[in-house]
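Data file: upload.cif. Format and content: mmCIF, C-alpha atoms.
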data_entry
loop_
_atom_site.label_atom_id
_atom_site.label_comp_id
_atom_site.auth_asym_id
_atom_site.auth_seq_id
_atom_site.Cartn_x
_atom_site.Cartn_y
_atom_site.Cartn_z
CA MET A 1258 0.00 0.00 0.00
CA LYS A 1259 2.99 2.32 -0.46
CA ASN A 1260 4.71 3.43 -3.64
CA HIS A 1261 6.39 0.70 -5.72
CA LEU A 1262 9.94 1.77 -6.59
CA VAL A 1263 9.21 4.78 -4.37
CA ALA A 1264 6.77 6.39 -6.82
CA THR A 1265 4.51 4.02 -8.74
CA LEU A 1266 2.84 1.59 -6.34
CA THR A 1267 -0.83 2.49 -5.84
CA CYS A 1268 -3.05 1.45 -2.98
CA ALA A 1269 -5.74 -1.13 -3.75
CA VAL A 1270 -7.57 -1.22 -0.45
CA THR A 1271 -8.11 1.17 2.46
CA ILE A 1272 -9.60 -0.91 5.23
CA ALA A 1273 -8.25 0.67 8.40
CA THR A 1274 -10.36 3.43 9.87
CA ALA A 1275 -8.91 3.73 13.38
CA LEU A 1276 -6.29 6.33 14.15
CA ALA A 1277 -2.67 5.24 14.17
CA VAL A 1278 -0.92 4.47 17.45
CA ASP A 1279 1.09 7.13 19.27
CA ILE A 1280 4.38 8.26 17.73
CA SER A 1281 6.60 6.38 20.19
CA THR A 1282 4.82 3.05 19.61
CA GLN A 1283 4.74 3.74 15.89
CA GLN A 1284 8.50 4.20 15.85
CA GLU A 1285 9.03 0.99 17.80
CA ALA A 1286 6.82 -0.85 15.33
CA ASP A 1287 8.65 0.69 12.40
CA ARG A 1288 12.01 -0.47 13.75
CA ALA A 1289 10.73 -4.01 14.27
CA ILE A 1290 9.22 -4.04 10.77
CA ALA A 1291 12.47 -2.74 9.25
CA ASN A 1292 14.49 -5.35 11.13
CA GLY A 1293 12.10 -8.10 10.05
CA LEU A 1294 12.32 -6.98 6.44
CA ASP A 1295 16.11 -6.90 6.72
CA TYR A 1296 15.99 -10.55 7.79
CA LEU A 1297 13.65 -11.42 4.90
CA ALA A 1298 15.87 -9.57 2.44
CA LYS A 1299 18.77 -11.85 3.38
CA GLN A 1300 16.62 -14.92 2.69
CA GLN A 1301 15.53 -13.93 -0.82
CA GLU A 1302 16.87 -16.31 -3.47
CA GLN A 1303 18.58 -15.47 -6.75
CA ASP A 1304 15.37 -16.06 -8.73
CA GLY A 1305 13.56 -13.47 -6.60
CA SER A 1306 11.60 -16.02 -4.59
CA TRP A 1307 11.47 -17.02 -0.99
CA HIS A 1308 11.80 -20.81 -0.71
CA LYS A 1309 10.92 -20.99 -4.44
CA HIS A 1310 7.30 -20.95 -3.27
CA PRO A 1311 4.85 -18.46 -4.83
CA ALA A 1312 2.65 -18.13 -1.73
CA ILE A 1313 5.52 -17.47 0.67
CA THR A 1314 7.01 -15.14 -1.94
CA GLY A 1315 3.65 -13.37 -2.15
CA LEU A 1316 3.57 -12.86 1.61
CA ALA A 1317 7.13 -11.50 1.64
CA VAL A 1318 6.52 -9.13 -1.29
CA LEU A 1319 3.35 -7.87 0.40
CA ALA A 1320 5.30 -7.25 3.62
CA PHE A 1321 7.83 -5.13 1.71
CA ALA A 1322 5.11 -3.33 -0.27
CA GLN A 1323 3.26 -2.22 2.86
CA THR A 1324 6.28 -1.00 4.78
CA PRO A 1325 5.54 2.30 6.53
CA GLY A 1326 7.39 5.46 5.58
CA GLY A 1327 8.00 4.70 1.92
CA LEU A 1328 10.23 2.19 0.19
CA THR A 1329 13.98 2.24 -0.13
CA PRO A 1330 15.42 1.52 -3.58
CA ASP A 1331 16.61 -1.87 -2.28
CA ALA A 1332 13.11 -2.77 -1.10
CA GLY A 1333 11.73 -1.72 -4.47
CA ARG A 1334 14.17 -4.04 -6.22
CA ARG A 1335 13.20 -6.91 -3.94
CA ILE A 1336 9.52 -6.33 -4.68
CA ALA A 1337 10.25 -6.28 -8.41
CA ALA A 1338 12.27 -9.50 -8.26
CA GLY A 1339 9.68 -11.26 -6.10
CA THR A 1340 6.85 -10.12 -8.35
CA LYS A 1341 8.71 -11.37 -11.41
CA PHE A 1342 8.97 -14.81 -9.79
CA ILE A 1343 5.25 -14.79 -8.93
CA LEU A 1344 4.38 -13.99 -12.54
CA THR A 1345 6.47 -16.94 -13.77
CA CYS A 1346 4.10 -19.14 -11.72
CA ALA A 1347 0.95 -17.77 -13.39
CA LYS A 1348 -0.81 -20.42 -15.49
CA PRO A 1349 -3.25 -19.98 -18.41
CA ASP A 1350 -6.14 -21.22 -16.25
CA GLY A 1351 -5.62 -18.34 -13.81
CA THR A 1352 -3.79 -20.25 -11.08
CA ILE A 1353 -0.58 -18.85 -9.65
CA TYR A 1354 1.30 -21.74 -8.11
CA GLY A 1355 4.36 -23.91 -8.49
CA GLY A 1356 2.63 -27.17 -9.17
CA PRO A 1357 3.20 -30.49 -7.40
CA PRO A 1358 5.16 -31.77 -5.63
CA ALA A 1359 6.56 -28.44 -4.38
CA ASP A 1360 3.20 -26.66 -4.24
CA PRO A 1361 0.15 -28.93 -4.58
CA TYR A 1362 -2.27 -26.27 -3.32
CA PRO A 1363 -3.28 -24.03 -6.24
CA ASN A 1364 -6.09 -22.13 -4.49
CA TYR A 1365 -3.99 -21.25 -1.44
CA SER A 1366 -1.10 -19.94 -3.54
CA THR A 1367 -3.34 -18.20 -6.05
CA ALA A 1368 -5.24 -16.39 -3.29
CA ILE A 1369 -2.11 -15.05 -1.60
CA CYS A 1370 -0.47 -14.05 -4.88
CA LEU A 1371 -3.67 -12.34 -6.05
CA THR A 1372 -3.79 -10.32 -2.82
CA THR A 1373 -0.22 -9.21 -3.45
CA LEU A 1374 -0.68 -8.35 -7.13
CA ALA A 1375 -3.93 -6.52 -6.44
CA THR A 1376 -2.25 -4.48 -3.71
CA LEU A 1377 0.57 -3.57 -6.09
CA ASN A 1378 -2.12 -2.79 -8.68
CA LYS A 1379 0.16 -2.46 -11.69
CA PRO A 1380 -1.63 -2.10 -15.06
CA GLU A 1381 0.64 -4.70 -16.64
CA HIS A 1382 -0.58 -7.27 -14.08
CA ARG A 1383 -4.27 -6.64 -14.77
CA ASP A 1384 -4.76 -9.70 -17.00
CA VAL A 1385 -3.15 -12.03 -14.45
CA ILE A 1386 -5.29 -10.47 -11.70
CA ALA A 1387 -8.50 -10.94 -13.69
CA LYS A 1388 -7.71 -14.58 -14.52
CA ALA A 1389 -6.80 -15.34 -10.89
CA ARG A 1390 -10.09 -13.81 -9.72
CA THR A 1391 -12.04 -15.91 -12.19
CA PHE A 1392 -10.25 -19.06 -11.09
CA LEU A 1393 -11.01 -18.44 -7.40
CA LEU A 1394 -14.64 -17.55 -8.10
CA ASN A 1395 -15.01 -20.74 -10.13
CA SER A 1396 -13.40 -22.75 -7.31
CA GLN A 1397 -16.26 -21.94 -4.96
CA PHE A 1398 -18.56 -24.91 -4.42
CA ASP A 1399 -22.02 -24.11 -5.79
CA GLU A 1400 -24.61 -25.24 -8.30
CA SER A 1401 -22.05 -25.35 -11.12
CA GLU A 1402 -20.55 -28.43 -9.42
CA ASP A 1403 -24.02 -29.83 -8.60
CA VAL A 1404 -23.56 -28.73 -4.98
CA GLY A 1405 -26.84 -27.44 -3.59
CA LYS A 1406 -27.46 -24.97 -0.79
CA ASP A 1407 -28.03 -27.76 1.74
CA ASP A 1408 -24.62 -29.28 1.09
CA PRO A 1409 -22.06 -28.38 3.81
CA ARG A 1410 -19.53 -27.58 1.07
CA TYR A 1411 -21.73 -24.90 -0.49
CA GLY A 1412 -20.00 -21.52 -0.75
CA GLY A 1413 -16.63 -22.78 0.48
CA ILE A 1414 -13.23 -22.98 -1.21
CA GLY A 1415 -10.55 -25.61 -0.63
CA TYR A 1416 -6.90 -26.14 -1.48
CA GLY A 1417 -7.76 -26.75 -5.13
CA ARG A 1418 -10.65 -27.26 -7.52
CA ASN A 1419 -12.94 -30.02 -6.20
CA LYS A 1420 -10.92 -30.40 -2.98
CA ARG A 1421 -13.04 -30.23 0.17
CA PRO A 1422 -13.49 -26.63 1.38
CA ASP A 1423 -12.26 -25.27 4.68
CA LEU A 1424 -12.34 -21.90 6.41
CA SER A 1425 -8.60 -21.27 6.14
CA ASN A 1426 -8.50 -21.51 2.34
CA THR A 1427 -11.85 -19.77 2.05
CA ALA A 1428 -10.61 -16.85 4.18
CA PHE A 1429 -7.45 -16.40 2.09
CA ALA A 1430 -9.56 -16.49 -1.08
CA LEU A 1431 -12.11 -14.02 0.31
CA GLU A 1432 -9.35 -11.59 1.23
CA ALA A 1433 -7.89 -11.85 -2.28
CA LEU A 1434 -11.28 -11.24 -3.87
CA HIS A 1435 -12.02 -8.38 -1.50
CA VAL A 1436 -8.71 -6.62 -2.17
CA SER A 1437 -8.90 -7.12 -5.93
CA GLU A 1438 -12.47 -5.78 -5.99
CA GLN A 1439 -11.11 -2.40 -4.95
CA ILE A 1440 -9.39 -1.98 -8.33
CA LYS A 1441 -11.49 0.55 -10.24
CA ALA A 1442 -11.51 -1.34 -13.54
CA ILE A 1443 -12.86 -4.43 -11.77
CA LYS A 1444 -15.26 -2.53 -9.55
CA ALA A 1445 -16.77 -0.75 -12.57
CA SER A 1446 -17.61 -3.97 -14.43
CA GLU A 1447 -21.33 -4.75 -14.23
CA THR A 1448 -20.65 -8.45 -14.84
CA GLU A 1449 -18.07 -8.47 -12.06
CA GLN A 1450 -20.46 -6.69 -9.69
CA THR A 1451 -23.17 -9.29 -10.21
CA GLN A 1452 -20.77 -12.23 -9.98
CA SER A 1453 -19.09 -10.81 -6.88
CA ARG A 1454 -22.35 -10.27 -4.99
CA LEU A 1455 -23.48 -13.81 -5.69
CA HIS A 1456 -20.07 -15.01 -4.55
CA TRP A 1457 -20.33 -13.16 -1.23
CA ASP A 1458 -23.83 -14.48 -0.58
CA LYS A 1459 -22.59 -18.03 -1.10
CA ALA A 1460 -19.56 -17.38 1.07
CA LEU A 1461 -21.83 -16.24 3.91
CA ALA A 1462 -23.64 -19.58 3.72
CA PHE A 1463 -20.35 -21.45 4.19
CA LEU A 1464 -19.20 -19.10 6.96
CA ALA A 1465 -22.45 -19.79 8.83
CA ARG A 1466 -21.67 -23.51 8.83
CA CYS A 1467 -18.24 -22.78 10.31
CA GLN A 1468 -19.51 -20.54 13.11
CA ASN A 1469 -20.62 -21.96 16.45
CA LEU A 1470 -23.82 -19.96 16.49
CA PRO A 1471 -26.85 -22.24 17.05
CA SER A 1472 -29.28 -19.67 15.64
CA ALA A 1473 -27.54 -19.92 12.25
CA ASN A 1474 -25.88 -23.36 12.34
CA THR A 1475 -27.75 -26.53 13.33
CA ASN A 1476 -24.44 -28.36 13.89
CA ALA A 1477 -22.97 -25.70 16.18
CA SER A 1478 -21.52 -26.54 19.55
CA THR A 1479 -23.99 -25.82 22.33
CA ALA A 1480 -21.22 -25.08 24.86
CA ALA A 1481 -21.42 -21.47 26.03
CA GLU A 1482 -17.66 -20.98 25.71
CA ASP A 1483 -17.79 -21.88 21.99
CA ARG A 1484 -20.60 -19.52 21.07
CA GLY A 1485 -19.73 -17.14 18.23
CA GLY A 1486 -16.34 -18.64 17.48
CA PHE A 1487 -15.34 -20.42 14.30
CA VAL A 1488 -13.99 -23.85 13.39
CA TYR A 1489 -11.91 -25.17 10.50
CA GLY A 1490 -14.81 -26.58 8.51
CA PRO A 1491 -18.36 -27.93 8.71
CA THR A 1492 -17.26 -31.57 8.54
CA GLU A 1493 -13.74 -31.64 10.03
CA THR A 1494 -11.61 -29.73 12.48
CA ARG A 1495 -7.98 -29.07 13.34
CA GLY A 1496 -8.90 -28.43 16.97
CA PRO A 1497 -10.69 -30.18 19.83
CA VAL A 1498 -14.24 -31.54 19.78
CA THR A 1499 -17.06 -31.41 22.30
CA THR A 1500 -20.17 -33.43 23.06
CA ASN A 1501 -23.41 -31.47 22.95
CA VAL A 1502 -26.32 -31.82 25.36
CA ASN A 1503 -28.05 -34.10 22.82
CA ALA A 1504 -24.94 -36.37 22.70
CA SER A 1505 -23.97 -35.21 19.20
CA VAL A 1506 -20.35 -34.22 18.57
CA SER A 1507 -19.41 -30.70 17.50
CA PHE A 1508 -16.16 -28.84 17.00
CA ARG A 1509 -14.73 -26.41 19.53
CA SER A 1510 -14.10 -22.80 18.52
CA TYR A 1511 -10.50 -21.65 18.40
CA GLY A 1512 -8.67 -18.38 17.87
CA SER A 1513 -7.09 -18.46 14.43
CA MET A 1514 -10.27 -19.67 12.72
CA THR A 1515 -12.42 -17.23 14.70
CA TYR A 1516 -10.43 -14.23 13.49
CA ALA A 1517 -10.30 -15.67 9.95
CA GLY A 1518 -14.08 -15.97 10.05
CA PHE A 1519 -14.54 -12.57 11.70
CA LYS A 1520 -12.62 -10.69 9.00
CA SER A 1521 -14.38 -12.72 6.29
CA LEU A 1522 -17.77 -11.60 7.63
CA LEU A 1523 -16.57 -8.00 7.44
CA TYR A 1524 -15.22 -8.43 3.91
CA ALA A 1525 -18.61 -9.89 2.96
CA GLY A 1526 -20.18 -6.59 3.95
CA LEU A 1527 -21.80 -7.44 7.28
CA LYS A 1528 -22.26 -4.49 9.61
CA LYS A 1529 -20.56 -4.26 12.98
CA ASP A 1530 -23.87 -4.75 14.77
CA ASP A 1531 -24.91 -7.81 12.77
CA PRO A 1532 -25.55 -10.71 15.20
CA ARG A 1533 -22.96 -12.89 13.42
CA THR A 1534 -20.29 -10.21 13.62
CA GLN A 1535 -21.11 -9.41 17.24
CA ALA A 1536 -21.04 -13.09 18.19
CA ALA A 1537 -17.54 -13.47 16.73
CA LEU A 1538 -16.41 -10.33 18.54
CA ASP A 1539 -17.89 -11.59 21.81
CA TRP A 1540 -15.88 -14.81 21.49
CA ALA A 1541 -12.76 -12.72 20.91
CA ARG A 1542 -13.54 -10.65 24.01
CA ARG A 1543 -13.86 -13.80 26.11
CA ASN A 1544 -10.56 -15.12 24.80
CA TRP A 1545 -8.47 -11.96 24.64
CA THR A 1546 -4.79 -12.88 24.43
CA PHE A 1547 -1.65 -12.44 22.33
CA SER A 1548 0.38 -15.17 24.04
CA GLU A 1549 -1.19 -18.15 22.30
CA ASN A 1550 -3.78 -19.30 19.78
CA PRO A 1551 -6.80 -19.75 22.09
CA GLY A 1552 -8.00 -23.32 22.02
CA MET A 1553 -4.80 -24.51 20.32
CA GLY A 1554 -2.04 -23.23 22.60
CA ARG A 1555 1.16 -22.45 20.74
CA GLU A 1556 0.06 -24.27 17.58
CA GLY A 1557 -0.66 -21.80 14.79
CA HIS A 1558 0.26 -18.87 17.03
CA TYR A 1559 1.54 -16.58 14.25
CA TYR A 1560 -1.23 -17.50 11.84
CA TYR A 1561 -3.54 -16.44 14.69
CA LEU A 1562 -1.74 -13.13 15.25
CA HIS A 1563 -1.76 -12.39 11.51
CA ALA A 1564 -5.51 -13.08 11.27
CA MET A 1565 -6.20 -11.18 14.50
CA ALA A 1566 -4.45 -7.98 13.37
CA LYS A 1567 -6.16 -7.98 9.98
CA ALA A 1568 -9.58 -8.70 11.47
CA LEU A 1569 -9.36 -5.98 14.12
CA ASP A 1570 -7.95 -3.54 11.56
CA ALA A 1571 -10.91 -4.29 9.30
CA PHE A 1572 -13.31 -3.88 12.24
CA GLY A 1573 -11.93 -0.38 12.65
CA GLU A 1574 -12.37 0.24 16.37
CA ALA A 1575 -9.49 1.69 18.37
CA THR A 1576 -10.32 -0.24 21.54
CA ILE A 1577 -11.76 -3.63 22.46
CA THR A 1578 -13.37 -4.26 25.85
CA ASP A 1579 -12.90 -7.81 27.13
CA GLU A 1580 -15.45 -9.84 29.09
CA LYS A 1581 -14.04 -8.53 32.40
CA GLY A 1582 -14.74 -4.95 31.36
CA VAL A 1583 -11.10 -4.08 30.71
CA THR A 1584 -10.66 -1.77 27.72
CA HIS A 1585 -7.70 -2.54 25.50
CA ASP A 1586 -5.88 -0.21 23.11
CA TRP A 1587 -5.44 -3.23 20.92
CA ARG A 1588 -2.97 -1.75 18.43
CA THR A 1589 -0.50 -0.67 21.11
CA GLU A 1590 -0.85 -3.92 23.07
CA PHE A 1591 -0.48 -5.98 19.92
CA ILE A 1592 2.67 -4.18 18.80
CA ARG A 1593 4.31 -4.53 22.21
CA ALA A 1594 3.54 -8.26 22.25
CA LEU A 1595 5.07 -8.78 18.80
CA LEU A 1596 8.17 -6.82 19.81
CA ASN A 1597 8.64 -9.15 22.77
CA PHE A 1598 8.32 -12.21 20.54
CA GLN A 1599 11.00 -11.08 18.03
CA LYS A 1600 14.14 -13.24 18.20
CA GLU A 1601 17.80 -12.28 18.01
CA GLY A 1602 18.56 -12.02 14.32
CA ASN A 1603 15.38 -9.97 13.81
CA HIS A 1604 13.13 -12.87 12.86
CA TRP A 1605 10.18 -14.56 14.51
CA LEU A 1606 9.83 -18.30 15.11
CA ASN A 1607 7.32 -20.65 16.71
CA GLU A 1608 8.86 -23.55 18.61
CA ALA A 1609 5.57 -25.39 18.05
CA GLY A 1610 6.13 -26.18 14.40
CA ARG A 1611 2.66 -27.24 13.31
CA TRP A 1612 1.50 -25.65 10.04
CA GLN A 1613 5.11 -24.84 9.06
CA GLU A 1614 5.57 -22.35 11.90
CA SER A 1615 9.06 -23.71 12.55
CA ASP A 1616 10.00 -21.88 9.34
CA PRO A 1617 11.31 -18.41 10.35
CA VAL A 1618 10.70 -17.01 6.86
CA LEU A 1619 6.99 -17.83 6.88
CA VAL A 1620 6.55 -16.76 10.50
CA THR A 1621 8.46 -13.51 9.96
CA CYS A 1622 6.18 -12.74 7.02
CA TYR A 1623 3.14 -13.30 9.26
CA ALA A 1624 4.64 -11.13 12.02
CA VAL A 1625 5.65 -8.22 9.78
CA LEU A 1626 2.28 -8.18 8.03
CA ALA A 1627 0.55 -8.28 11.42
CA LEU A 1628 2.64 -5.37 12.69
CA GLU A 1629 1.86 -3.36 9.57
CA ALA A 1630 -1.87 -3.94 10.08
CA ALA A 1631 -1.70 -3.13 13.80
CA ARG A 1632 0.40 -0.01 13.27
CA GLY A 1633 -2.37 1.58 11.23
CA LYS A 1634 -2.03 4.62 9.04
#

Could you show the structure in this file as C-alpha cells?
Amino acid sequence: MKNHLVATLTCAVTIATALAVDISTQQEADRAIANGLDYLAKQQEQDGSWHKHPAITGLAVLAFAQTPGGLTPDAGRRIAAGTKFILTCAKPDGTIYGGPPADPYPNYSTAICLTTLATLNKPEHRDVIAKARTFLLNSQFDESEDVGKDDPRYGGIGYGRNKRPDLSNTAFALEALHVSEQIKAIKASETEQTQSRLHWDKALAFLARCQNLPSANTNASTAAEDRGGFVYGPTETRGPVTTNVNASVSFRSYGSMTYAGFKSLLYAGLKKDDPRTQAALDWARRNWTFSENPGMGREGHYYYLHAMAKALDAFGEATITDEKGVTHDWRTEFIRALLNFQKEGNHWLNEAGRWQESDPVLVTCYAVLALEAARGK
C-alpha cells in the first residue's frame, strides 16, 4: 500500500479506519518491521523467490510493499524480483502456483499471490489479476458443481478445484477477492459486480456452517464458551471436539479460525452490529490474548496473530473491551507483544512447528504483516 519503486505503487484497499498508534509506539513498530524486512531480504533467493514458493514469496513481497514510511530503492528491487517470480508461476487457467510436488495447493497460492498483485495494482498485471479472480470464483462450491445450498460444502473454497473446502483456504480467497475488488476497472464492471455479490452471498452460507452460532448453524456446539467462534470446517476440524447436550459431537471454537471468520464476515459486507459479527467479537472478548492461539495453545500462534491484526484492523475500532470490562488499546498492546516475541537475528519463530511455523521465513512474514496492520495509518 505504499509506492512501488518509491513512486509508482498504488493502494488497492483502504480498510483501516482507526487512528494510528502514538508516535513512540509507531516508531518501535517501524524499527521491528524494518528489522524483520532486513531478515527477509537476506533470505531472498537469486530467482527473486522465498523458498521458491509463490505463496511465501507473495507474503514477503506484500510485507515489503506495505512498509511504513515509503520504500527504499533496495526494497523496491526486492519487490520487483519477487513479483517477477510470482508472474512466472501464473498459469493460463488463472492459477498462480508452483505445481506439485513443491506446491500442490493451487487455491492457497493463487489467493495469496492475487492479494499481493492486487495491492501492487500495476496495469501490466491486470490480465493475471483478472484470470486469478475468475479461477477463485469458479473454485467456490455451488450449483455449477451440482452442490446445492443444503450441502455443507456450499460456498466454500478448498486447497484446489474439487478439494473439500475449509475456512482457512476460504478466508485467504475471500481476502484476495475483497482486495482485488477495490481496483477501479474491476469494480466498474457490471458483470463483475453481479458475480461478486453472488459469490459473497454463497460465502456467507459457508461461513455460517463454520460458526458456532446455534441460531444460524444446526451443527454448532452448544457449549457457552464456543458460542460465536469459528472452526476449520463444517465436517472436520484441526482443533478439539465437544459433546453437545443431545450427545452429538461438534467442533470447539478456536482463535485463528475465529479471526479468519470474523474478517471474512466484514469483507462480505456485514455491519458491525450484525448478530454474526457481534457473536464473533464476543468470542474474541472472552478469549483476549496475544500469548497463544486460544484453544490450540502455541500451535498456529503466528497464523492467529496475523488473522487477529487484519480482522481488528478491518473492524476499525481503536479499543476492544474484554469480558471482564477491561478496555484494550489493541494496536498498542499488539505491537508490544510482537516486539517481545521477536528473536535475536530480527526474525520470529514458533517452537511449536505445526503448520510450518518452525519456518522463520513464513513466520516472519506473518509477524511483519501483522505489525503493519496493527500499526495503522

Give as a PyMOL selection string the residues that the PyMOL selection byres ((chain A and resi 1545) around 10) matches when applied to the coordinates above. chain A and resi 1512+1539-1544+1546-1551+1577-1580+1585+1587

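Pairwise distance (CA of Ser1513 in chain A, CA of Pro1422 in chain A) equals 16.7 Å.
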
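The list of residues with at least one atom within 9 Å of range 1594-1602 of chain A, based on all atoms listed in the file and without residues fewer than 5 positions apart in the same chain, reads A:Glu1285, A:Ala1286, A:Ala1289, A:Asn1292, A:Gly1293, A:Tyr1296, A:Phe1547, A:Ser1548, A:Leu1562, A:Thr1589, A:Thr1621, A:Ala1624, A:Ala1627, A:Leu1628.
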
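When the PyMOL selection byres ((chain A and resi 1349) around 12) is run on the displayed coordinates, the residues it returns are Leu1344, Thr1345, Cys1346, Ala1347, Lys1348, Asp1350, Gly1351, Thr1352, Ile1353, Tyr1354, Asp1384, Val1385, Ile1386, Ala1387, Lys1388, Ala1389, Thr1391 and Phe1392 of chain A.
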
Dump of C-alpha atoms for the selected residues, as an mmCIF file, in the frame of the given file:
data_model
loop_
_atom_site.group_PDB
_atom_site.id
_atom_site.type_symbol
_atom_site.label_atom_id
_atom_site.label_comp_id
_atom_site.auth_asym_id
_atom_site.auth_seq_id
_atom_site.Cartn_x
_atom_site.Cartn_y
_atom_site.Cartn_z
ATOM 1 C CA LEU A 1344 4.380 -13.990 -12.540
ATOM 2 C CA THR A 1345 6.470 -16.940 -13.770
ATOM 3 C CA CYS A 1346 4.100 -19.140 -11.720
ATOM 4 C CA ALA A 1347 0.950 -17.770 -13.390
ATOM 5 C CA LYS A 1348 -0.810 -20.420 -15.490
ATOM 6 C CA ASP A 1350 -6.140 -21.220 -16.250
ATOM 7 C CA GLY A 1351 -5.620 -18.340 -13.810
ATOM 8 C CA THR A 1352 -3.790 -20.250 -11.080
ATOM 9 C CA ILE A 1353 -0.580 -18.850 -9.650
ATOM 10 C CA TYR A 1354 1.300 -21.740 -8.110
ATOM 11 C CA ASP A 1384 -4.760 -9.700 -17.000
ATOM 12 C CA VAL A 1385 -3.150 -12.030 -14.450
ATOM 13 C CA ILE A 1386 -5.290 -10.470 -11.700
ATOM 14 C CA ALA A 1387 -8.500 -10.940 -13.690
ATOM 15 C CA LYS A 1388 -7.710 -14.580 -14.520
ATOM 16 C CA ALA A 1389 -6.800 -15.340 -10.890
ATOM 17 C CA THR A 1391 -12.040 -15.910 -12.190
ATOM 18 C CA PHE A 1392 -10.250 -19.060 -11.090
#

Apply the PyMOL selection byres ((chain A and resi 1408) around 12) to the structure shown and report the selected residues as a PDB file with C-alpha atoms, keeping the file's coordinate frame.
ATOM      1  CA  PHE A1398     -18.560 -24.910  -4.420  1.00  0.00           C
ATOM      2  CA  ASP A1399     -22.020 -24.110  -5.790  1.00  0.00           C
ATOM      3  CA  GLU A1400     -24.610 -25.240  -8.300  1.00  0.00           C
ATOM      4  CA  GLU A1402     -20.550 -28.430  -9.420  1.00  0.00           C
ATOM      5  CA  ASP A1403     -24.020 -29.830  -8.600  1.00  0.00           C
ATOM      6  CA  VAL A1404     -23.560 -28.730  -4.980  1.00  0.00           C
ATOM      7  CA  GLY A1405     -26.840 -27.440  -3.590  1.00  0.00           C
ATOM      8  CA  LYS A1406     -27.460 -24.970  -0.790  1.00  0.00           C
ATOM      9  CA  ASP A1407     -28.030 -27.760   1.740  1.00  0.00           C
ATOM     10  CA  PRO A1409     -22.060 -28.380   3.810  1.00  0.00           C
ATOM     11  CA  ARG A1410     -19.530 -27.580   1.070  1.00  0.00           C
ATOM     12  CA  TYR A1411     -21.730 -24.900  -0.490  1.00  0.00           C
ATOM     13  CA  GLY A1412     -20.000 -21.520  -0.750  1.00  0.00           C
ATOM     14  CA  GLY A1413     -16.630 -22.780   0.480  1.00  0.00           C
ATOM     15  CA  ARG A1421     -13.040 -30.230   0.170  1.00  0.00           C
ATOM     16  CA  PRO A1422     -13.490 -26.630   1.380  1.00  0.00           C
ATOM     17  CA  LYS A1459     -22.590 -18.030  -1.100  1.00  0.00           C
ATOM     18  CA  ALA A1462     -23.640 -19.580   3.720  1.00  0.00           C
ATOM     19  CA  PHE A1463     -20.350 -21.450   4.190  1.00  0.00           C
ATOM     20  CA  ARG A1466     -21.670 -23.510   8.830  1.00  0.00           C
ATOM     21  CA  PRO A1491     -18.360 -27.930   8.710  1.00  0.00           C
ATOM     22  CA  THR A1492     -17.260 -31.570   8.540  1.00  0.00           C
TER      23      THR A1492
END

Given only C-alpha atoms as the counted atoms, nearest of A:Leu1470, A:Met1514, A:Ala1575, A:Leu1328 to Thr1427 in chain A: A:Met1514

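Interatomic distance, CA of Arg1632 in chain A to CA of Leu1569 in chain A: 11.5 Å.
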
Output range 1323-1336 of chain A with N, CA and C atoms present, as an mmCIF file, keeping the file's coordinate frame.
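Now in rebuild-v2.cif:
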data_model
loop_
_atom_site.group_PDB
_atom_site.id
_atom_site.type_symbol
_atom_site.label_atom_id
_atom_site.label_comp_id
_atom_site.auth_asym_id
_atom_site.auth_seq_id
_atom_site.Cartn_x
_atom_site.Cartn_y
_atom_site.Cartn_z
ATOM 1 N N GLN A 1323 4.050 -2.974 1.891
ATOM 2 C CA GLN A 1323 3.260 -2.220 2.860
ATOM 3 C C GLN A 1323 4.106 -1.572 3.944
ATOM 4 N N THR A 1324 5.418 -1.573 3.758
ATOM 5 C CA THR A 1324 6.280 -1.000 4.780
ATOM 6 C C THR A 1324 5.965 0.471 5.004
ATOM 7 N N PRO A 1325 5.864 0.902 6.263
ATOM 8 C CA PRO A 1325 5.540 2.300 6.530
ATOM 9 C C PRO A 1325 6.695 3.230 6.189
ATOM 10 N N GLY A 1326 6.358 4.448 5.794
ATOM 11 C CA GLY A 1326 7.390 5.460 5.580
ATOM 12 C C GLY A 1326 7.984 5.483 4.193
ATOM 13 N N GLY A 1327 7.458 4.686 3.274
ATOM 14 C CA GLY A 1327 8.000 4.700 1.920
ATOM 15 C C GLY A 1327 9.096 3.669 1.722
ATOM 16 N N LEU A 1328 9.282 3.242 0.503
ATOM 17 C CA LEU A 1328 10.230 2.190 0.190
ATOM 18 C C LEU A 1328 11.618 2.730 -0.105
ATOM 19 N N THR A 1329 12.617 1.965 0.297
ATOM 20 C CA THR A 1329 13.980 2.240 -0.130
ATOM 21 C C THR A 1329 14.164 1.660 -1.529
ATOM 22 N N PRO A 1330 15.160 2.122 -2.268
ATOM 23 C CA PRO A 1330 15.420 1.520 -3.580
ATOM 24 C C PRO A 1330 15.658 0.015 -3.492
ATOM 25 N N ASP A 1331 16.355 -0.432 -2.421
ATOM 26 C CA ASP A 1331 16.610 -1.870 -2.280
ATOM 27 C C ASP A 1331 15.307 -2.636 -2.097
ATOM 28 N N ALA A 1332 14.395 -2.109 -1.277
ATOM 29 C CA ALA A 1332 13.110 -2.770 -1.100
ATOM 30 C C ALA A 1332 12.333 -2.823 -2.411
ATOM 31 N N GLY A 1333 12.396 -1.737 -3.174
ATOM 32 C CA GLY A 1333 11.730 -1.720 -4.470
ATOM 33 C C GLY A 1333 12.263 -2.800 -5.402
ATOM 34 N N ARG A 1334 13.583 -2.994 -5.381
ATOM 35 C CA ARG A 1334 14.170 -4.040 -6.220
ATOM 36 C C ARG A 1334 13.741 -5.430 -5.760
ATOM 37 N N ARG A 1335 13.616 -5.610 -4.451
ATOM 38 C CA ARG A 1335 13.200 -6.910 -3.940
ATOM 39 C C ARG A 1335 11.737 -7.199 -4.293
ATOM 40 N N ILE A 1336 10.911 -6.176 -4.239
ATOM 41 C CA ILE A 1336 9.520 -6.330 -4.680
ATOM 42 C C ILE A 1336 9.474 -6.708 -6.157
#
